[in-house]
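Before any comments, here is the structure.
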Amino acid sequence: MHPRSPTRGVAAMHPMRLSPARVQVGSAPYLGGGFGHFYVYAPMKIEYAIDRFAMETKRQLDLLDKQLDGKSYLCGDEYTIADMAVWPWIKALSDGYKADEFLSLREYVQLNAWVERVGKRPAVQRGVRVNGFGRDAIEERHSRADFD
């Protein structure tokens with residue numbers, strides 16, 4: 001999904017710009033996956049690794065929170081591919097890794113509003129369901145009828 005404005009399109013799609021949105025799109029999987037791995041899945045708990053990834057995750061969350069100040073979405077007032085790429089990783093911090101308290105997620109007011117806003121979008125809700133998450137997750141998805 002590309003913004004209508006050419007200027008915003010550059011912000012959403014041009015990865016060479018060092019904007020907070022670009023940093024988030026590039027870092028979210030690394031942080032979500034790295035933090036999540038050591039916090040939840042690693043066979044042995046390594047305090048240094050958990051603390052290091054938690055510190056960097058919180059730094060990125062702070063950047064995101066500041067980026068969202070006065071904006072509805074990462075690149076402004078339009079929902080873009082940047083929002084689509086980052087949202088699942090941020091959502092996983094609470095829903096997947098159950099790290100709300102550990103990462104003090106409630107401190108990020110703008111971020112939480114954005115997570116809620118994006119999560120209310122019908123296409124996002126459908127994507128969550130079709131990928132097996134949520135209370136109405138779809139176990140089998142062989143046809144359109146599986147969504148009913």
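Residues are referred to by chain and number: the chain letter is A, B, ... according to the order shown in the structure tokens, the number counts from 1 in that chain, and ligands are numbered separately from 1 in the order shown.
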Report task. Can you list, as number ranges by chain, all residues belonging to stretch 47-120 of chain A that DSSP tags as helix (DSSP H, G or I)? Result -> A: 47-67, 81-95, 105-107, 109-119
Report task. Please identify all polymer residues within 12 Å of A:Ala137, counting only C-alpha atoms, omitting same-chain residues fewer than 3 positions from it, and present them as a count of residues only. Result -> 15
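Taking atom CA of A:Thr57 and atom CA of A:Lys45 as the two end points, the separation is 17.6 Å.
Our summary of the geometry notes that atom CA of A:Asp62 is positioned 7.0 Å from atom CA of A:Tyr108.
The shortest atom-to-atom distance to A:Lys71, with only C-alpha atoms taken into account, belongs to A:Gln110 out of A:Asp136, A:Glu47, A:His142, A:Gln110.
Using only C-alpha atoms for every distance, the candidate list A:Asp69, A:Arg144, A:Gly32, A:Leu64 yields A:Gly32 as the residue closest to A:Ser94.
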Requested in this report: Excluding A:Lys58 and residues on its chain fewer than 4 positions from it, collect all residues at most 10 Å away from it, counting only C-alpha atoms, and give them as a PyMOL selection string.
Outcome: chain A and resi 31+53-54+62-64+103-105+108
